[in-house]
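In what follows, a structure is listed as structure tokens, so that the remarks can point back to it.
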Number of protein chains: 2
Amino acid sequence: MKLFRTLIPLREAQSIVLSHVRRVGVEEVSFDLAAGRVLAEDIISEMDSPPFNRAAMDGYAVKAEDTFGAAPDKPRVLVLHRHEPGSGSGELNEGEYIPIQTGMPMPKGSNAVLMLEYGRECERDSKLEIFKPVTPGKNVSFKGEDVRSGDIVLNEGRVLRATDIGMLASIGRNCVKVRKKGIIGILSTGDELYDPKGGSKGAIADVNSYVLAALTSVIAKPSRMGIVRDNYEALKAAIESCIADCSCDAILVSGGSSVGSRDFIGDVVEDLGEMLFHGVAIRPGEPTGFGIINDKPIFCLPGYPVSMIAAFEMLVRPFLEAMHGLKGAMIRQVFAVVSKKIPSAVGRTDFVRVRLYHDDHNGDGKFYVEPVRVSGSGIISSVTSSDGFVIVEENKEGIEEGEQIGVNLW
Amino acid sequence: MKLFRTLIPLREAQSIVLSHVRRVGVEEVSFDLAAGRVLAEDIISEMDSPPFNRAAMDGYAVKAEDTFGAAPDKPRVLVLHRHEPGSGSGELNEGEYIPIQTGMPMPKGSNAVLMLEYGRECERDSKLEIFKPVTPGKNVSFKGEDVRSGDIVLNEGRVLRATDIGMLASIGRNCVKVRKKGIIGILSTGDELYDPKGGSKGAIADVNSYVLAALTSVIAKPSRMGIVRDNYEALKAAIESCIADCSCDAILVSGGSSVGSRDFIGDVVEDLGEMLFHGVAIRPGEPTGFGIINDKPIFCLPGYPVSMIAAFEMLVRPFLEAMHGLKGAMIRQVFAVVSKKIPSAVGRTDFVRVRLYHDDHNGDGKFYVEPVRVSGSGIISSVTSSDGFVIVEENKEGIEEGEQIGVNLW
């Protein structure tokens with residue numbers, strides 16, 4: 001039996017992984033299908049929005065000057081503008097008004113909207129009594145007020161939100177360039193595994209390939225490639241077939257990445273390509289490795305589900321984000337006060353599952369955070385019962401009660 | 001022209017909306033397709049997980065008692081267990097060991113795993129020198145340690161996460177009951193609107209139905225029903241056809257919900273059913289209404305995109321969450337320090353778009369929050385350039401610098 005290779009610090013492992021990122025290509029999609037995708041271009045508006053001065057309120061388009069001095073006991077009176085047949089809507093003359101609704105273009109000659117409440121129309125002669133003055137520009141939404149032609153409205157590398165779709169619609173962009181979803185091959189290894197979907201039975205359900213597929217699908221396109229038995233030949237054949245599959249951009253293998261006599265993945269990667277590291281100073285997730293075969297990155301992840309999840313969050317997620325050109329992380333952090341010491345050891349990076357809560361007693365609205373008690377990295381309930389995780393850097397001996405820290409939400 | 005109806009407080013509007021929620025039905029889906037869906041049953045494990053005692057480390061299965069007293073300068077020596085042909089794996093006798101890998105069942109008679117590092121196998125005679133004692137139970141993951149048969153592992157009303165899929169796999173649940181996605185009919189009204197997807201031109205692009213579809217799709221199933229012209233007959237026909245469409249669980253109409261002479265939606269709802277409120281003390285989003293036609297809830301949302309988004313977040317989202325039986329909100333909050341007063345007026349609830357940032361200068365890791373400057377509710381760039389929003393309750397005159405508040409992320 002071989003002994004474990006030297007552990008490298010997380011930061012070093014991350015920098016090796018990131019130096020082997022190859023950016024995925026670009027595709028054009030209809031704007032309404034782009035939510036959740038990574039934008040692959042700066043979106044520059046080719047128009048002003050709004051495209052013309054328009055009413056920002058329901059009311060009456062007026063010349064503001066005509067309303068000056070109006071008061072409840074001293075109303076000013078305007079007459080309805082009537083345009084001559086064939087002359088379009090015409091231009092507002094001094095002393096005239098036109099009823100207008102929110103969003104409608106401001107008639108020529110008008111420069112303010114008087115709110116409905118401050119006028120009274122006389123049904124008989126269409127005259128309008130005004131009880132309050134308006135200043136020029138009041139209740140008008142000006143051309144280009146939201147976006148000017150030439151403005152960058154959305155930046156490359158942004159994950160498009162629901163409301164961004166509205167921005168694209170408002171400036172008339174019906175196609176946008178987004179990153180293609182990288183195809184990620186996923187293999188589980190282990191003699192004891194059975195596929196819970198297949199209905200077959202075995203000692204232990206293959207949890208990992210389903211979790212990896214679900215985690216990956218948020219940004220990329222997972223391709224589950226089944227369970228491989230734990231022997232050198234089977235593993236080599238499976239990896240070779242993955243590599244030969246040109247559609248695959250990267251491969252995630254879980255299980256078989258330790259130093260037991262049956263842990264062949266390291267040997268297979270070494271024989272087919274190059275292993276760049278095997279063993280990272282993180283807990284859980286220590287036996288994680290990373291290599292390159294025919295230019296394709298391959299992650300060797302631990303078999304224990306929680307170790308695999310930790311390795312995914314610390315190494316695979318940053319890789320996938322960089323691969324898709326994402327700027328800014330997808331994962332969300334909340335800020336919380338540590339209410340119970342989060343233990344850790346100096347010399348390794350710890351991945352601690354935590355619970356968040358509000359303190360109803362003092363009602364300060366703050367989040368408090370405490371670690372979830374676990375006795376081993378096999379405990380997937382430590383993940384499902386937690387709200388997120390904290391990464392304790394290797395130079396820290398835990399995080400003390402009372403400190404404020406960022407908690408990554410699941 | 002009719003004057004605006006009395007505004008009701010947001011809390012009252014929310015309670016009216018929530019009292020008209022009808023829970024959507026239930027469907028069964030394969031566990032691996034359930035991420036992001038709302039669980040419609042408590043998941044009770046029918047098995048222990050792990051299903052047997054297993055090794056939590058690579059190493060040697062031993063009787064812990066046989067290792068007591070071992071030390072680097074005084075190793076204890078064990079012999080390899082050899083099982084008799086035809087007797088299965090047999091039972092470990094005193095003084096014996098069996099090599100074991102993470103995840104494998106513990107052999108009968110063994111009660112601990114000695115880590116690889118603390119033993120040395122002699123290749124010639126398969127004897128094992130032990131340099132460190134282990135306590136009984138060491139490096140063993142016990143039957144039922146993660147989950148016990150009968151445990152509720154996931155609760156009804158939870159939005160299933162990627163890692164929950166792993167929990168379902170690990171306990172052999174390959175089908176789960178989730179809430180069906182409610183079908184939400186979406187209409188935009190306005191004479192000035194054109195469909196940015198259709199390539200047709202017009203004064204103003206229909207932003208709202210695309211934003212509503214994208215916002216809705218996170219939890220329900222949007223069904224865009226196009227643009228309706230702003231007249232009573234067209235609007236009535238469109239609403240009647242939506243209502244007649246049995247697949248629709250609720251309807252969102254945007255635009256035409258104000259008090260201009262062309263704002264017919266309130267009349268249509270009153271004529272076909274009942275309007276329960278029309279006008280809420282929120283800004284933006286004031287002209288929001290809610291009614292019931294043939295038992296189907298209908299939201300009348302403002303036409304200005306930002307007003308509509310505000311009304312969606314404050315009234316429609318809670319409705320959709322309740323309709324899908326979701327427990328706990330989907331939207332995520334971060335806690336932040338106000339760095340610039342967030343202005344608001346007493347007597348109405350304000351929906352303020354805000355920007356979050358870290359203060360690199362003092363490097364305290366905290367989030368700071370400041371309002372995005374806007375001059376009108378038509379400014380959709382106030383949404384796309386912001387990180388989230390803050391809801392300032394109606395009894396507050398803004399939020400002062402230095403206060404800590406929860407910010408809802410987009």
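Scheme for the structure tokens: letters A, B, ... for chains in order shown; per-chain residue numbers from 1; ligand numbers from 1 in order shown.
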
Practice item. From a DSSP pass on the backbone, collect the residues of segment 148-267 of chain B flagged as strand (DSSP E or B) and hand them back as a VMD selection string. Key: chain B and resid 152 to 154 159 175 to 179 183 to 189 193 to 194 204 to 205 221 to 228 250 to 254

Can you write out the residues you just picked, keeping N, CA and C atoms, as a compact mmCIF listing (two decimals), in the first residue's frame?
# COMPACT_ATOMS: atom_id res chain seq x y z
N ILE B 152 -37.95 11.61 10.35
CA ILE B 152 -38.33 12.53 9.27
C ILE B 152 -37.04 13.21 8.81
N VAL B 153 -36.68 13.01 7.55
CA VAL B 153 -35.41 13.57 7.10
C VAL B 153 -35.59 14.89 6.35
N LEU B 154 -36.76 15.07 5.74
CA LEU B 154 -37.03 16.33 5.03
C LEU B 154 -38.50 16.67 5.26
N VAL B 159 -38.28 23.70 -0.12
CA VAL B 159 -37.82 23.72 -1.51
C VAL B 159 -36.59 22.82 -1.56
N CYS B 175 -39.10 8.06 -5.63
CA CYS B 175 -40.18 8.96 -6.05
C CYS B 175 -40.57 9.83 -4.85
N VAL B 176 -40.87 11.08 -5.12
CA VAL B 176 -41.34 11.94 -4.04
C VAL B 176 -42.54 12.76 -4.49
N LYS B 177 -43.37 13.11 -3.51
CA LYS B 177 -44.53 13.96 -3.80
C LYS B 177 -44.10 15.41 -3.71
N VAL B 178 -44.35 16.15 -4.78
CA VAL B 178 -44.06 17.60 -4.78
C VAL B 178 -45.32 18.33 -5.22
N ARG B 179 -45.35 19.62 -4.95
CA ARG B 179 -46.47 20.44 -5.41
C ARG B 179 -46.40 20.60 -6.92
N ILE B 183 -50.36 27.22 -12.64
CA ILE B 183 -50.26 27.90 -13.93
C ILE B 183 -50.78 29.32 -13.78
N ILE B 184 -49.92 30.26 -14.12
CA ILE B 184 -50.22 31.67 -13.89
C ILE B 184 -50.37 32.37 -15.24
N GLY B 185 -51.60 32.77 -15.56
CA GLY B 185 -51.85 33.51 -16.78
C GLY B 185 -51.32 34.94 -16.67
N ILE B 186 -50.66 35.42 -17.71
CA ILE B 186 -50.03 36.75 -17.66
C ILE B 186 -50.45 37.57 -18.87
N LEU B 187 -51.05 38.73 -18.59
CA LEU B 187 -51.52 39.65 -19.64
C LEU B 187 -50.88 41.02 -19.46
N SER B 188 -50.52 41.65 -20.58
CA SER B 188 -50.12 43.06 -20.53
C SER B 188 -51.17 43.88 -21.25
N THR B 189 -51.47 45.06 -20.71
CA THR B 189 -52.43 45.91 -21.41
C THR B 189 -51.79 47.23 -21.77
N LEU B 193 -48.11 49.45 -26.48
CA LEU B 193 -47.16 48.34 -26.34
C LEU B 193 -46.96 47.54 -27.62
N TYR B 194 -45.73 47.07 -27.81
CA TYR B 194 -45.47 46.07 -28.85
C TYR B 194 -44.69 44.93 -28.22
N ILE B 204 -43.59 51.51 -27.16
CA ILE B 204 -42.96 51.02 -25.93
C ILE B 204 -43.00 49.49 -25.95
N ALA B 205 -41.86 48.86 -25.62
CA ALA B 205 -41.81 47.40 -25.59
C ALA B 205 -42.58 46.88 -24.38
N LYS B 221 -45.62 28.08 -13.04
CA LYS B 221 -45.50 27.92 -14.48
C LYS B 221 -46.21 29.08 -15.17
N PRO B 222 -45.45 30.03 -15.70
CA PRO B 222 -46.08 31.19 -16.34
C PRO B 222 -46.68 30.83 -17.68
N SER B 223 -47.78 31.47 -18.01
CA SER B 223 -48.40 31.28 -19.31
C SER B 223 -48.70 32.67 -19.89
N ARG B 224 -47.78 33.16 -20.74
CA ARG B 224 -47.95 34.50 -21.30
C ARG B 224 -49.11 34.50 -22.30
N MET B 225 -50.02 35.43 -22.16
CA MET B 225 -51.22 35.45 -23.00
C MET B 225 -51.28 36.70 -23.86
N GLY B 226 -50.16 37.37 -23.99
CA GLY B 226 -50.07 38.46 -24.97
C GLY B 226 -50.45 39.82 -24.44
N ILE B 227 -50.60 40.71 -25.40
CA ILE B 227 -50.88 42.12 -25.11
C ILE B 227 -52.34 42.40 -25.47
N VAL B 228 -53.03 43.09 -24.60
CA VAL B 228 -54.42 43.45 -24.86
C VAL B 228 -54.51 44.96 -25.03
N ALA B 250 -54.30 31.32 -11.52
CA ALA B 250 -54.39 32.74 -11.13
C ALA B 250 -53.97 33.57 -12.33
N ILE B 251 -54.33 34.86 -12.28
CA ILE B 251 -54.05 35.74 -13.42
C ILE B 251 -53.33 36.99 -12.94
N LEU B 252 -52.32 37.37 -13.69
CA LEU B 252 -51.63 38.64 -13.43
C LEU B 252 -51.83 39.54 -14.65
N VAL B 253 -52.42 40.70 -14.41
CA VAL B 253 -52.59 41.67 -15.49
C VAL B 253 -51.76 42.89 -15.13
N SER B 254 -50.95 43.36 -16.06
CA SER B 254 -50.22 44.59 -15.74
C SER B 254 -50.63 45.70 -16.68

Exercise for review: Return as JSON, numbers by chain the residues belonging to chain A that are within 7 Å of chain B, counting only C-alpha atoms.
Suggested key: {"A": [32, 58, 101, 146, 162, 163, 164, 165, 166, 167, 169, 170, 172, 174, 196, 197, 205, 207, 208, 210, 211, 214, 215, 260, 334, 335, 366, 379, 380, 381, 384]}

Put those residues in a file: C-alpha atoms, as a compact mmCIF listing (two decimals), in the first residue's frame.
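File written: out-v2.txt
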# COMPACT_ATOMS: atom_id res chain seq x y z
CA ASP A 32 -36.69 35.69 -22.75
CA ASP A 58 -52.25 60.06 -15.04
CA GLN A 101 -52.27 58.68 -19.15
CA ASP A 146 -33.56 55.38 -17.76
CA ALA A 162 -35.53 37.91 -14.09
CA THR A 163 -35.54 41.71 -14.01
CA ASP A 164 -32.63 41.90 -16.48
CA ILE A 165 -34.94 40.27 -19.01
CA GLY A 166 -37.07 43.39 -18.63
CA MET A 167 -34.09 45.62 -19.35
CA ALA A 169 -36.99 43.95 -23.61
CA SER A 170 -37.08 47.67 -22.89
CA GLY A 172 -35.37 46.07 -27.91
CA ASN A 174 -34.27 40.19 -28.61
CA PRO A 196 -31.13 4.14 -6.61
CA LYS A 197 -32.95 5.07 -9.79
CA ALA A 205 -26.92 3.85 -2.94
CA VAL A 207 -25.62 9.36 -3.84
CA ASN A 208 -22.72 11.24 -5.35
CA TYR A 210 -27.00 12.57 -8.34
CA VAL A 211 -25.77 15.30 -5.99
CA ALA A 214 -27.87 18.65 -9.24
CA LEU A 215 -25.06 20.95 -8.04
CA GLY A 260 -6.69 2.03 0.03
CA VAL A 334 -25.32 36.16 4.76
CA PHE A 335 -23.58 37.92 7.57
CA LYS A 366 -29.50 39.80 13.28
CA ILE A 379 -23.33 12.26 7.72
CA ILE A 380 -25.37 13.73 4.87
CA SER A 381 -28.02 14.81 7.37
CA THR A 384 -29.64 18.71 4.84

Review point. Mind checking DSSP for segment 147-376 of chain B and telling me the helix (DSSP H, G or I) residues as number ranges by chain?
Key: B: 162-170, 208-216, 232-244, 265-272, 305-323

Generate a file of the selected residues that holds C-alpha atoms, formatted as a PDB file, in the first residue's frame.
ATOM      1  CA  ALA B 162     -29.222  19.754  -4.694  1.00  0.00           C
ATOM      2  CA  THR B 163     -27.918  18.101  -1.550  1.00  0.00           C
ATOM      3  CA  ASP B 164     -31.418  16.944  -0.531  1.00  0.00           C
ATOM      4  CA  ILE B 165     -31.400  14.831  -3.681  1.00  0.00           C
ATOM      5  CA  GLY B 166     -28.474  13.011  -2.084  1.00  0.00           C
ATOM      6  CA  MET B 167     -30.465  12.410   1.079  1.00  0.00           C
ATOM      7  CA  LEU B 168     -33.341  10.925  -0.954  1.00  0.00           C
ATOM      8  CA  ALA B 169     -30.890   8.682  -2.824  1.00  0.00           C
ATOM      9  CA  SER B 170     -29.206   7.551   0.382  1.00  0.00           C
ATOM     10  CA  ASN B 208     -43.881  43.431 -17.965  1.00  0.00           C
ATOM     11  CA  SER B 209     -45.143  40.114 -19.251  1.00  0.00           C
ATOM     12  CA  TYR B 210     -41.550  38.934 -19.775  1.00  0.00           C
ATOM     13  CA  VAL B 211     -40.434  40.045 -16.334  1.00  0.00           C
ATOM     14  CA  LEU B 212     -43.527  38.499 -14.718  1.00  0.00           C
ATOM     15  CA  ALA B 213     -42.907  35.244 -16.587  1.00  0.00           C
ATOM     16  CA  ALA B 214     -39.279  35.136 -15.444  1.00  0.00           C
ATOM     17  CA  LEU B 215     -40.141  36.027 -11.821  1.00  0.00           C
ATOM     18  CA  THR B 216     -42.998  33.531 -11.725  1.00  0.00           C
ATOM     19  CA  TYR B 232     -63.175  47.763 -22.006  1.00  0.00           C
ATOM     20  CA  GLU B 233     -64.354  45.196 -24.565  1.00  0.00           C
ATOM     21  CA  ALA B 234     -60.891  43.883 -25.499  1.00  0.00           C
ATOM     22  CA  LEU B 235     -59.879  43.628 -21.853  1.00  0.00           C
ATOM     23  CA  LYS B 236     -63.129  41.926 -20.847  1.00  0.00           C
ATOM     24  CA  ALA B 237     -62.819  39.380 -23.665  1.00  0.00           C
ATOM     25  CA  ALA B 238     -59.186  38.622 -22.735  1.00  0.00           C
ATOM     26  CA  ILE B 239     -59.985  38.180 -19.031  1.00  0.00           C
ATOM     27  CA  GLU B 240     -63.027  36.011 -19.829  1.00  0.00           C
ATOM     28  CA  SER B 241     -60.902  33.795 -22.025  1.00  0.00           C
ATOM     29  CA  CYS B 242     -58.255  33.516 -19.267  1.00  0.00           C
ATOM     30  CA  ILE B 243     -60.922  32.608 -16.724  1.00  0.00           C
ATOM     31  CA  ALA B 244     -62.526  30.078 -19.074  1.00  0.00           C
ATOM     32  CA  ILE B 265     -59.361  46.710 -15.615  1.00  0.00           C
ATOM     33  CA  GLY B 266     -61.081  47.622 -12.357  1.00  0.00           C
ATOM     34  CA  ASP B 267     -64.426  47.897 -14.158  1.00  0.00           C
ATOM     35  CA  VAL B 268     -63.920  44.578 -15.917  1.00  0.00           C
ATOM     36  CA  VAL B 269     -63.102  42.780 -12.667  1.00  0.00           C
ATOM     37  CA  GLU B 270     -66.081  44.401 -10.925  1.00  0.00           C
ATOM     38  CA  ASP B 271     -68.389  43.402 -13.787  1.00  0.00           C
ATOM     39  CA  LEU B 272     -67.154  39.801 -14.023  1.00  0.00           C
ATOM     40  CA  PRO B 305     -42.111  48.056 -14.749  1.00  0.00           C
ATOM     41  CA  VAL B 306     -40.560  49.032 -11.421  1.00  0.00           C
ATOM     42  CA  SER B 307     -43.977  49.562  -9.817  1.00  0.00           C
ATOM     43  CA  MET B 308     -44.993  46.181 -11.111  1.00  0.00           C
ATOM     44  CA  ILE B 309     -41.834  44.540  -9.720  1.00  0.00           C
ATOM     45  CA  ALA B 310     -42.470  46.187  -6.328  1.00  0.00           C
ATOM     46  CA  ALA B 311     -46.072  44.958  -6.310  1.00  0.00           C
ATOM     47  CA  PHE B 312     -44.920  41.502  -7.351  1.00  0.00           C
ATOM     48  CA  GLU B 313     -42.393  41.243  -4.510  1.00  0.00           C
ATOM     49  CA  MET B 314     -44.771  42.578  -1.856  1.00  0.00           C
ATOM     50  CA  LEU B 315     -48.020  40.867  -2.889  1.00  0.00           C
ATOM     51  CA  VAL B 316     -47.690  38.300  -5.666  1.00  0.00           C
ATOM     52  CA  ARG B 317     -44.627  36.440  -4.397  1.00  0.00           C
ATOM     53  CA  PRO B 318     -46.136  35.736  -0.944  1.00  0.00           C
ATOM     54  CA  PHE B 319     -49.311  34.568  -2.722  1.00  0.00           C
ATOM     55  CA  LEU B 320     -47.383  32.189  -5.015  1.00  0.00           C
ATOM     56  CA  GLU B 321     -45.353  30.829  -2.106  1.00  0.00           C
ATOM     57  CA  ALA B 322     -48.486  30.133  -0.064  1.00  0.00           C
ATOM     58  CA  MET B 323     -50.206  28.617  -3.102  1.00  0.00           C
TER      59      MET B 323
END

Do you know which residues are at most 7 Å from segment 290-295 of chain A counting only C-alpha atoms, after dropping those on the same chain fewer than 3 positions away, and could you put them as an mmCIF file with N, CA and C atoms, in the first residue's frame?
data_model
loop_
_atom_site.group_PDB
_atom_site.id
_atom_site.type_symbol
_atom_site.label_atom_id
_atom_site.label_comp_id
_atom_site.auth_asym_id
_atom_site.auth_seq_id
_atom_site.Cartn_x
_atom_site.Cartn_y
_atom_site.Cartn_z
ATOM 1 N N VAL A 269 -5.258 8.102 -13.778
ATOM 2 C CA VAL A 269 -4.980 9.458 -14.285
ATOM 3 C C VAL A 269 -3.490 9.593 -14.622
ATOM 4 N N LEU A 272 -2.838 7.743 -17.917
ATOM 5 C CA LEU A 272 -3.437 8.327 -19.131
ATOM 6 C C LEU A 272 -3.010 9.779 -19.343
ATOM 7 N N GLY A 273 -2.616 10.451 -18.271
ATOM 8 C CA GLY A 273 -2.260 11.868 -18.394
ATOM 9 C C GLY A 273 -1.371 12.266 -17.232
ATOM 10 N N GLU A 274 -1.770 13.339 -16.537
ATOM 11 C CA GLU A 274 -0.932 13.797 -15.437
ATOM 12 C C GLU A 274 -1.796 14.197 -14.250
ATOM 13 N N MET A 275 -1.382 13.741 -13.079
ATOM 14 C CA MET A 275 -2.074 14.133 -11.850
ATOM 15 C C MET A 275 -1.346 15.377 -11.321
ATOM 16 N N LEU A 276 -2.065 16.478 -11.117
ATOM 17 C CA LEU A 276 -1.388 17.715 -10.717
ATOM 18 C C LEU A 276 -1.338 17.893 -9.206
ATOM 19 N N PHE A 277 -2.351 17.376 -8.539
ATOM 20 C CA PHE A 277 -2.241 17.227 -7.084
ATOM 21 C C PHE A 277 -3.187 16.120 -6.663
ATOM 22 N N HIS A 278 -2.887 15.523 -5.518
ATOM 23 C CA HIS A 278 -3.757 14.483 -4.971
ATOM 24 C C HIS A 278 -3.627 14.553 -3.463
ATOM 25 N N ILE A 298 -9.756 16.675 -14.998
ATOM 26 C CA ILE A 298 -10.493 15.625 -14.292
ATOM 27 C C ILE A 298 -10.320 15.809 -12.785
ATOM 28 N N PHE A 299 -11.455 15.896 -12.097
ATOM 29 C CA PHE A 299 -11.436 16.014 -10.643
ATOM 30 C C PHE A 299 -11.658 14.622 -10.047
ATOM 31 N N CYS A 300 -10.812 14.249 -9.100
ATOM 32 C CA CYS A 300 -11.003 12.997 -8.373
ATOM 33 C C CYS A 300 -11.522 13.375 -6.987
#

Check your understanding: Near Lys396 of chain B, within 9 Å and counting only C-alpha atoms, which residues show up once chain neighbours fewer than 3 positions away are dropped, as a PyMOL selection string?
Key -> chain B and resi 344-349+392-393+399

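Note that atom CA of Leu18 of chain A and atom CA of Pro297 of chain A are 10.4 Å apart.
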
**Study point:** Selected residue, from B:Ile44, B:Ile16, B:Ala71, B:Ile8, that lies nearest to Phe131 of chain B when counting only C-alpha atoms
**Key:**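 Nearest to Phe131 of chain B: B:Ala71.
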